[in-house]
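J.: Got a file for you: target.cif, mmCIF, C-alpha atoms.
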```cif
data_run
#
loop_
_atom_site.label_atom_id
_atom_site.label_comp_id
_atom_site.auth_asym_id
_atom_site.auth_seq_id
_atom_site.Cartn_x
_atom_site.Cartn_y
_atom_site.Cartn_z
CA MET A 1 7.62 -10.32 0.44
CA GLU A 2 5.12 -7.97 -1.22
CA SER A 3 3.29 -5.08 0.46
CA ILE A 4 -0.37 -4.91 -0.52
CA LEU A 5 -3.11 -2.42 0.28
CA ILE A 6 -6.53 -4.09 0.61
CA GLN A 7 -9.64 -1.89 0.72
CA VAL A 8 -13.08 -3.21 1.63
CA THR A 9 -16.31 -1.19 1.37
CA GLY A 10 -19.98 -2.04 1.64
CA VAL A 11 -22.88 -2.46 4.02
CA ASP A 12 -21.54 -3.32 7.47
CA ASN A 13 -22.46 -6.59 9.16
CA PRO A 14 -20.92 -8.61 12.00
CA GLY A 15 -18.21 -11.06 10.98
CA ILE A 16 -16.76 -9.37 7.90
CA THR A 17 -13.42 -8.52 9.49
CA ALA A 18 -13.22 -11.94 11.17
CA GLU A 19 -13.71 -13.81 7.88
CA LEU A 20 -11.09 -11.80 6.02
CA MET A 21 -8.60 -12.06 8.88
CA GLY A 22 -9.08 -15.82 8.89
CA ILE A 23 -7.90 -16.02 5.27
CA LEU A 24 -4.93 -13.71 5.91
CA GLY A 25 -4.03 -15.67 9.03
CA LYS A 26 -3.87 -18.96 7.16
CA ALA A 27 -1.63 -17.29 4.55
CA LYS A 28 0.79 -16.17 7.31
CA ALA A 29 0.33 -12.54 6.29
CA ARG A 30 2.12 -9.86 8.28
CA MET A 31 -0.11 -6.96 9.36
CA LEU A 32 1.53 -3.57 8.67
CA ASN A 33 -1.41 -1.22 9.18
CA ILE A 34 -5.17 -1.32 9.58
CA GLN A 35 -7.94 1.29 9.69
CA GLN A 36 -11.65 0.57 9.97
CA VAL A 37 -14.57 2.96 10.27
CA VAL A 38 -18.34 2.66 9.91
CA VAL A 39 -20.32 5.75 8.86
CA GLY A 40 -24.05 5.13 8.99
CA LYS A 41 -24.16 1.49 7.92
CA THR A 42 -21.30 1.72 5.43
CA LEU A 43 -18.06 -0.06 6.26
CA SER A 44 -14.66 1.17 5.11
CA LEU A 45 -11.79 -1.18 5.99
CA SER A 46 -8.20 -0.65 4.82
CA LEU A 47 -5.45 -3.19 5.41
CA GLN A 48 -1.78 -2.96 4.57
CA VAL A 49 -0.27 -6.43 4.70
CA SER A 50 2.93 -8.13 3.69
CA LEU A 51 2.57 -11.47 1.91
CA SER A 52 4.95 -14.02 0.46
CA ASP A 53 5.47 -14.21 -3.29
CA GLN A 54 2.53 -16.65 -3.53
CA THR A 55 -0.05 -13.86 -3.29
CA HIS A 56 -2.44 -14.80 -6.08
CA PRO A 57 -4.25 -17.68 -4.30
CA VAL A 58 -4.71 -15.51 -1.21
CA LEU A 59 -6.13 -12.58 -3.17
CA LYS A 60 -8.44 -14.93 -5.04
CA ASP A 61 -9.74 -16.30 -1.73
CA LEU A 62 -10.24 -12.75 -0.39
CA LEU A 63 -12.16 -11.66 -3.49
CA PHE A 64 -14.39 -14.74 -3.34
CA LYS A 65 -15.09 -14.25 0.37
CA ALA A 66 -15.86 -10.54 -0.12
CA HIS A 67 -18.40 -11.41 -2.84
CA GLU A 68 -19.93 -13.98 -0.51
CA LEU A 69 -20.18 -11.36 2.27
CA GLY A 70 -21.76 -8.78 -0.05
CA VAL A 71 -18.92 -6.23 0.12
CA HIS A 72 -16.53 -4.83 -2.48
CA LEU A 73 -12.81 -5.64 -2.15
CA ASP A 74 -10.03 -3.96 -4.09
CA PHE A 75 -6.25 -4.22 -3.76
CA GLN A 76 -3.05 -2.72 -5.09
CA MET A 77 0.64 -3.51 -4.80
CA LEU A 78 2.47 -0.74 -2.94
CA ASP A 79 5.57 0.89 -4.33
CA GLU A 80 8.46 0.88 -1.84
CA SER A 81 9.26 4.48 -2.82
CA ILE A 82 5.97 5.54 -1.19
CA GLU A 83 7.26 4.26 2.16
CA GLU A 84 10.55 6.12 1.67
CA LYS A 85 8.74 9.44 1.16
CA SER A 86 7.32 9.24 4.68
CA GLU A 87 10.79 9.32 6.24
CA GLY A 88 11.57 12.62 7.96
CA LEU A 89 7.90 13.47 8.43
CA GLN A 90 6.32 14.16 11.83
CA ARG A 91 2.79 13.12 12.74
CA TYR A 92 0.51 15.72 14.32
CA ALA A 93 -3.00 15.66 15.75
CA LEU A 94 -5.10 18.67 14.75
CA THR A 95 -8.25 19.11 16.84
CA LEU A 96 -11.02 21.34 15.44
CA LEU A 97 -13.83 22.63 17.66
CA ALA A 98 -16.88 24.75 16.79
CA SER A 99 -20.56 25.08 17.56
CA GLU A 100 -21.04 23.59 14.09
CA LEU A 101 -18.28 22.44 11.74
CA ARG A 102 -19.50 23.41 8.31
CA PRO A 103 -17.98 22.35 4.95
CA GLU A 104 -16.81 25.89 4.14
CA ALA A 105 -14.82 26.06 7.40
CA LEU A 106 -13.27 22.67 6.75
CA HIS A 107 -12.40 23.85 3.24
CA GLN A 108 -10.49 26.79 4.70
CA VAL A 109 -8.60 24.63 7.18
CA THR A 110 -7.75 21.82 4.79
CA SER A 111 -6.65 24.32 2.12
CA VAL A 112 -4.02 25.63 4.54
CA LEU A 113 -2.86 22.08 5.17
CA ALA A 114 -2.69 21.30 1.44
CA LYS A 115 -0.75 24.51 0.75
CA HIS A 116 2.05 23.28 3.02
CA ASN A 117 1.84 19.63 1.85
CA TRP A 118 0.36 18.35 5.11
CA ASN A 119 -1.22 14.99 4.39
CA ILE A 120 -4.40 13.92 6.20
CA ASP A 121 -4.00 10.32 7.39
CA THR A 122 -7.26 9.98 9.34
CA ILE A 123 -10.27 12.09 10.33
CA SER A 124 -12.32 11.10 13.40
CA SER A 125 -15.39 12.66 14.98
CA LEU A 126 -14.95 13.29 18.71
CA GLY A 127 -18.35 14.87 19.33
CA GLU A 128 -21.42 16.42 17.74
CA ARG A 129 -23.45 17.99 20.55
CA PRO A 130 -23.43 20.49 22.15
CA VAL A 131 -20.34 21.30 20.07
CA SER A 132 -18.78 19.65 17.02
CA CYS A 133 -15.25 18.30 17.28
CA LEU A 134 -13.00 16.59 14.74
CA GLU A 135 -9.53 15.14 15.10
CA LEU A 136 -7.25 15.02 12.06
CA VAL A 137 -4.07 12.96 12.22
CA LEU A 138 -1.56 14.46 9.80
CA SER A 139 1.87 13.75 8.35
CA ALA A 140 4.01 16.81 7.73
CA ASP A 141 7.44 18.37 7.45
CA PRO A 142 8.13 19.81 10.95
CA SER A 143 9.78 22.89 9.43
CA THR A 144 6.36 24.09 8.21
CA LEU A 145 4.66 23.87 11.62
CA ASP A 146 4.96 27.57 12.56
CA ALA A 147 3.63 28.70 9.18
CA VAL A 148 0.61 26.38 9.42
CA LYS A 149 -0.16 27.52 12.96
CA SER A 150 0.04 31.17 11.93
CA GLU A 151 -2.33 30.72 8.99
CA LEU A 152 -4.81 28.68 11.04
CA VAL A 153 -4.85 31.38 13.72
CA SER A 154 -5.78 33.95 11.05
CA LEU A 155 -8.81 31.81 10.15
CA VAL A 156 -10.25 31.55 13.66
CA GLY A 157 -12.25 34.78 13.55
CA ASP A 158 -13.83 34.18 10.13
CA SER A 159 -14.41 30.44 10.38
CA GLY A 160 -15.54 30.30 14.01
CA VAL A 161 -13.37 27.21 14.47
CA ASP A 162 -10.92 26.84 17.35
CA PHE A 163 -7.98 24.51 16.89
CA ALA A 164 -5.08 22.84 18.67
CA ILE A 165 -2.05 21.09 17.16
CA GLN A 166 -0.09 18.50 19.11
CA GLU A 167 2.60 16.02 18.21
CA GLU A 168 0.95 12.63 17.79
CA GLY A 169 2.38 9.99 20.08
CA LEU A 170 2.13 8.28 23.45
CA LEU A 171 2.82 11.49 25.38
CA ARG A 172 -0.34 13.12 23.96
CA ARG A 173 -2.43 10.22 25.20
CA ALA A 174 -0.73 9.95 28.60
CA LYS A 175 -1.79 13.35 29.92
CA ARG A 176 -3.87 13.37 33.09
CA LEU A 177 -4.11 17.07 33.99
CA VAL A 178 -6.32 19.57 32.13
CA VAL A 179 -5.90 23.26 33.01
CA LEU A 180 -8.54 25.74 31.78
CA ASP A 181 -8.58 29.51 31.63
CA MET A 182 -11.67 30.84 33.40
CA ASP A 183 -12.75 34.09 31.76
CA SER A 184 -14.21 33.80 28.23
CA THR A 185 -13.15 30.16 28.12
CA LEU A 186 -14.75 28.06 30.86
CA ILE A 187 -17.31 30.83 31.33
CA GLN A 188 -18.71 33.24 28.74
CA GLN A 189 -18.01 36.44 30.71
CA GLU A 190 -15.02 38.41 32.00
CA ILE A 191 -15.49 38.51 35.78
CA ILE A 192 -13.89 41.92 36.29
CA ASP A 193 -16.11 43.43 33.57
CA GLU A 194 -19.22 42.08 35.28
CA LEU A 195 -18.11 43.52 38.64
CA ALA A 196 -17.34 46.84 36.98
CA ALA A 197 -20.78 46.95 35.35
CA LEU A 198 -22.51 46.49 38.69
CA HIS A 199 -20.34 49.23 40.21
CA GLY A 200 -20.99 51.63 37.33
CA VAL A 201 -17.42 51.78 36.01
CA LYS A 202 -17.51 49.29 33.13
CA ASP A 203 -16.54 51.85 30.46
CA LYS A 204 -13.48 52.95 32.44
CA VAL A 205 -12.39 49.35 33.05
CA SER A 206 -12.89 48.49 29.38
CA GLU A 207 -10.72 51.48 28.37
CA ILE A 208 -7.86 50.24 30.60
CA THR A 209 -8.23 46.73 29.19
CA HIS A 210 -8.02 48.16 25.66
CA ARG A 211 -4.84 50.10 26.52
CA ALA A 212 -3.29 46.95 27.99
CA MET A 213 -4.14 44.97 24.85
CA ASN A 214 -2.41 47.69 22.79
CA GLY A 215 0.74 47.37 24.90
CA GLU A 216 0.38 50.76 26.61
CA LEU A 217 0.18 49.14 30.07
CA ASP A 218 1.71 45.94 31.38
CA PHE A 219 -0.47 43.31 33.07
CA GLU A 220 0.26 44.39 36.66
CA GLN A 221 -0.40 48.06 35.91
CA SER A 222 -3.67 47.31 34.17
CA LEU A 223 -4.80 44.91 36.89
CA ARG A 224 -4.11 47.41 39.67
CA ALA A 225 -5.84 50.19 37.74
CA ARG A 226 -8.95 48.11 37.02
CA VAL A 227 -9.26 46.75 40.56
CA GLY A 228 -8.73 50.25 41.91
CA LEU A 229 -11.87 51.38 40.13
CA LEU A 230 -13.86 48.80 42.12
CA LYS A 231 -13.01 50.49 45.43
CA GLY A 232 -16.11 50.95 47.56
CA ALA A 233 -18.17 48.24 45.86
CA PRO A 234 -20.17 46.17 48.39
CA GLU A 235 -19.22 42.52 48.95
CA SER A 236 -22.66 41.55 47.67
CA VAL A 237 -21.50 42.20 44.08
CA PHE A 238 -19.72 38.82 44.17
CA THR A 239 -22.98 37.02 44.90
CA GLU A 240 -24.76 38.94 42.15
CA VAL A 241 -22.03 38.23 39.58
CA ARG A 242 -21.99 34.53 40.46
CA SER A 243 -25.73 34.36 39.73
CA GLN A 244 -25.14 35.83 36.26
CA ILE A 245 -22.25 33.60 35.17
CA GLU A 246 -22.95 31.37 32.16
CA LEU A 247 -20.75 28.38 31.42
CA THR A 248 -19.46 28.08 27.87
CA GLU A 249 -21.57 25.67 25.83
CA GLY A 250 -20.29 22.14 26.34
CA ALA A 251 -18.10 23.04 29.35
CA ARG A 252 -20.16 21.14 31.93
CA ARG A 253 -20.19 17.95 29.85
CA PHE A 254 -16.51 18.37 28.98
CA CYS A 255 -15.54 18.52 32.65
CA ARG A 256 -17.88 15.68 33.63
CA VAL A 257 -16.45 13.33 30.98
CA LEU A 258 -12.84 14.16 31.87
CA LYS A 259 -13.46 13.50 35.56
CA ARG A 260 -15.07 10.15 34.75
CA LEU A 261 -11.95 9.30 32.73
CA GLY A 262 -9.76 10.04 35.75
CA TYR A 263 -8.34 13.41 34.76
CA LYS A 264 -7.50 16.14 37.27
CA LEU A 265 -8.98 19.54 36.40
CA ALA A 266 -7.76 23.02 37.32
CA VAL A 267 -8.62 26.62 36.43
CA ILE A 268 -6.41 29.69 36.12
CA SER A 269 -7.95 33.13 36.40
CA GLY A 270 -7.07 36.76 36.77
CA GLY A 271 -10.48 37.21 38.36
CA PHE A 272 -11.56 36.90 41.99
CA ILE A 273 -11.51 33.75 44.12
CA GLU A 274 -14.92 34.70 45.51
CA VAL A 275 -16.35 34.01 42.05
CA VAL A 276 -13.84 31.49 40.69
CA GLY A 277 -13.86 29.19 43.73
CA PRO A 278 -17.58 28.30 43.74
CA ILE A 279 -17.54 27.78 39.95
CA ALA A 280 -14.55 25.45 40.19
#
```
Is it possible to give me this structure as structure tokens?
T.:
Amino acid sequence: MESILIQVTGVDNPGITAELMGILGKAKARMLNIQQVVVGKTLSLSLQVSLSDQTHPVLKDLLFKAHELGVHLDFQMLDESIEEKSEGLQRYALTLLASELRPEALHQVTSVLAKHNWNIDTISSLGERPVSCLELVLSADPSTLDAVKSELVSLVGDSGVDFAIQEEGLLRRAKRLVVLDMDSTLIQQEIIDELAALHGVKDKVSEITHRAMNGELDFEQSLRARVGLLKGAPESVFTEVRSQIELTEGARRFCRVLKRLGYKLAVISGGFIEVVGPIA
């Protein structure tokens, strides 16, 4: 049996895949892998198949049919050593999210991947508006995962691209609960900062937050100190803050789509239930 990679490109039209599969079916080919994508009106179809030693008549039929369909077909015999190189590699899904994914940002991200020999198997677009989102399925040595994560984190500020890396597999696709942070994630503000601004103590609260971020105070100490500064504020500040809250761009659609797909949604917040509850 010979392993062959068949690549088809050209203007997309209904029936192309069906015609080619009909020829492979008659030849008793074994399907090893398949990827098909249409960008604009251009088809890109890749097939990895295993055929008996009598491959030449089949390839001739495929080439003739491709010409008849108005597409270009190319093929190559695969070296078994290529398959062996993939052993020991883990597949990961890298999700990239930004208001706009520009080529320079993708250059930065993919350069990090290339540096650590992470191979891009597929790239898929998950959304364009109101935010851009790409999913890259990658093959990589698991021992390099921490280094790649660290370097991608260092790019976030400059590139404006958020990312998540997950192991690719059934578990990733079987999740049914999505938990979101509230402040500066689901919403654009920090609730306690907005309350402090209305009460005239925003600078003092910000100073405590800064000290906590520098490790001078632990979370409980900083929370008690910040809330203590709100003493005496009228209950009406909650209503006023709620009226000022702005959802992060894309958050409403994100939640709506997930709920339609049957996911359960939850939020976690260090803010106040009087504000968090109505938003949730």
J.: Got a sec: who's within 8 Å of Gln90 (chain A), counting only C-alpha atoms, leaving out chain neighbours fewer than 4 positions off, as a short mmCIF file (atom, residue, chain, number, x, y, z; two decimals) with C-alpha atoms, in the coordinates of the input?
T.:
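Just written: selection-v2.cif:
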```
data_model
loop_
_atom_site.label_atom_id
_atom_site.label_comp_id
_atom_site.auth_asym_id
_atom_site.auth_seq_id
_atom_site.Cartn_x
_atom_site.Cartn_y
_atom_site.Cartn_z
CA SER A 139 1.87 13.75 8.35
CA ALA A 140 4.01 16.81 7.73
CA ASP A 141 7.44 18.37 7.45
CA PRO A 142 8.13 19.81 10.95
CA GLU A 167 2.60 16.02 18.21
#
```
J.: Counting only C-alpha atoms, which residues of region 44-147 of chain A sit at most 7 Å from some atom of region 34-37 of chain A, and what is each one's closest atom pair with its distance in Å to one decimal, listed by chain and rising residue number, as CSV?
T.:
```
residue,atom,partner,partner_atom,distance
A:Ser44,CA,A:Val37,CA,5.5
A:Leu45,CA,A:Gln36,CA,4.4
A:Ser46,CA,A:Gln35,CA,5.2
A:Leu47,CA,A:Ile34,CA,4.6
A:Gln48,CA,A:Ile34,CA,6.3
```
J.: Quick one: everything within 10 Å of Glu194 (chain A), counting only C-alpha atoms, minus sequence neighbours fewer than 5 positions away in the same chain. Send it as a PyMOL selection string.
T.: chain A and resi 189+199-202+237-238+240-242+244-245
J.: Give the answer as one residue: which of A:Arg172, A:His72, A:His210, A:Lys149 has the shortest atom-to-atom distance to Arg91 (chain A), using only C-alpha atoms?
T.: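 Residue with the minimum atom-to-atom distance to Arg91 (chain A): A:Arg172.
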J.: What separation in Å, quoted to one decimal, exists between CA of Glu246 (chain A) and CA of Gly262 (chain A)?
T.: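 Value for the CA of Glu246 (chain A)-CA of Gly262 (chain A) distance: 25.3 Å.
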J.: Rank A:Asn214, A:Glu2, A:Leu43, A:Glu274 by their smallest atom-to-atom distance to Ala29 (chain A), using all atoms listed in the file, and report the top residue only.
T.: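 For Ala29 (chain A), the nearest of the candidates is A:Glu2.
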J.: Kindly write region 242-278 of chain A with C-alpha atoms to a file, as a PDB file, in the first residue's frame.
T.:
```pdb
ATOM      1  CA  ARG A 242     -25.074  49.967  36.925  1.00  0.00           C
ATOM      2  CA  SER A 243     -26.210  52.676  34.501  1.00  0.00           C
ATOM      3  CA  GLN A 244     -22.579  53.389  33.557  1.00  0.00           C
ATOM      4  CA  ILE A 245     -21.425  49.805  32.993  1.00  0.00           C
ATOM      5  CA  GLU A 246     -20.319  48.984  29.432  1.00  0.00           C
ATOM      6  CA  LEU A 247     -20.069  45.392  28.275  1.00  0.00           C
ATOM      7  CA  THR A 248     -16.835  44.406  26.558  1.00  0.00           C
ATOM      8  CA  GLU A 249     -17.193  44.472  22.778  1.00  0.00           C
ATOM      9  CA  GLY A 250     -18.567  41.139  21.586  1.00  0.00           C
ATOM     10  CA  ALA A 251     -19.590  39.965  25.085  1.00  0.00           C
ATOM     11  CA  ARG A 252     -23.346  40.111  24.468  1.00  0.00           C
ATOM     12  CA  ARG A 253     -23.099  38.111  21.241  1.00  0.00           C
ATOM     13  CA  PHE A 254     -20.626  35.695  22.815  1.00  0.00           C
ATOM     14  CA  CYS A 255     -23.034  34.895  25.646  1.00  0.00           C
ATOM     15  CA  ARG A 256     -26.053  34.698  23.338  1.00  0.00           C
ATOM     16  CA  VAL A 257     -24.359  32.198  21.005  1.00  0.00           C
ATOM     17  CA  LEU A 258     -23.120  30.021  23.871  1.00  0.00           C
ATOM     18  CA  LYS A 259     -26.589  29.870  25.422  1.00  0.00           C
ATOM     19  CA  ARG A 260     -28.107  28.876  22.075  1.00  0.00           C
ATOM     20  CA  LEU A 261     -25.513  26.081  21.886  1.00  0.00           C
ATOM     21  CA  GLY A 262     -26.622  24.796  25.291  1.00  0.00           C
ATOM     22  CA  TYR A 263     -23.755  26.028  27.455  1.00  0.00           C
ATOM     23  CA  LYS A 264     -24.192  27.094  31.075  1.00  0.00           C
ATOM     24  CA  LEU A 265     -22.674  30.506  31.866  1.00  0.00           C
ATOM     25  CA  ALA A 266     -21.369  31.861  35.162  1.00  0.00           C
ATOM     26  CA  VAL A 267     -19.482  34.937  36.372  1.00  0.00           C
ATOM     27  CA  ILE A 268     -16.941  35.342  39.167  1.00  0.00           C
ATOM     28  CA  SER A 269     -16.345  38.765  40.655  1.00  0.00           C
ATOM     29  CA  GLY A 270     -14.685  40.511  43.539  1.00  0.00           C
ATOM     30  CA  GLY A 271     -17.233  43.274  43.068  1.00  0.00           C
ATOM     31  CA  PHE A 272     -20.703  43.704  44.567  1.00  0.00           C
ATOM     32  CA  ILE A 273     -23.720  41.464  43.976  1.00  0.00           C
ATOM     33  CA  GLU A 274     -25.892  44.578  43.688  1.00  0.00           C
ATOM     34  CA  VAL A 275     -24.093  45.345  40.427  1.00  0.00           C
ATOM     35  CA  VAL A 276     -23.013  41.862  39.321  1.00  0.00           C
ATOM     36  CA  GLY A 277     -26.416  40.209  39.781  1.00  0.00           C
ATOM     37  CA  PRO A 278     -28.429  42.386  37.369  1.00  0.00           C
TER      38      PRO A 278
END
```
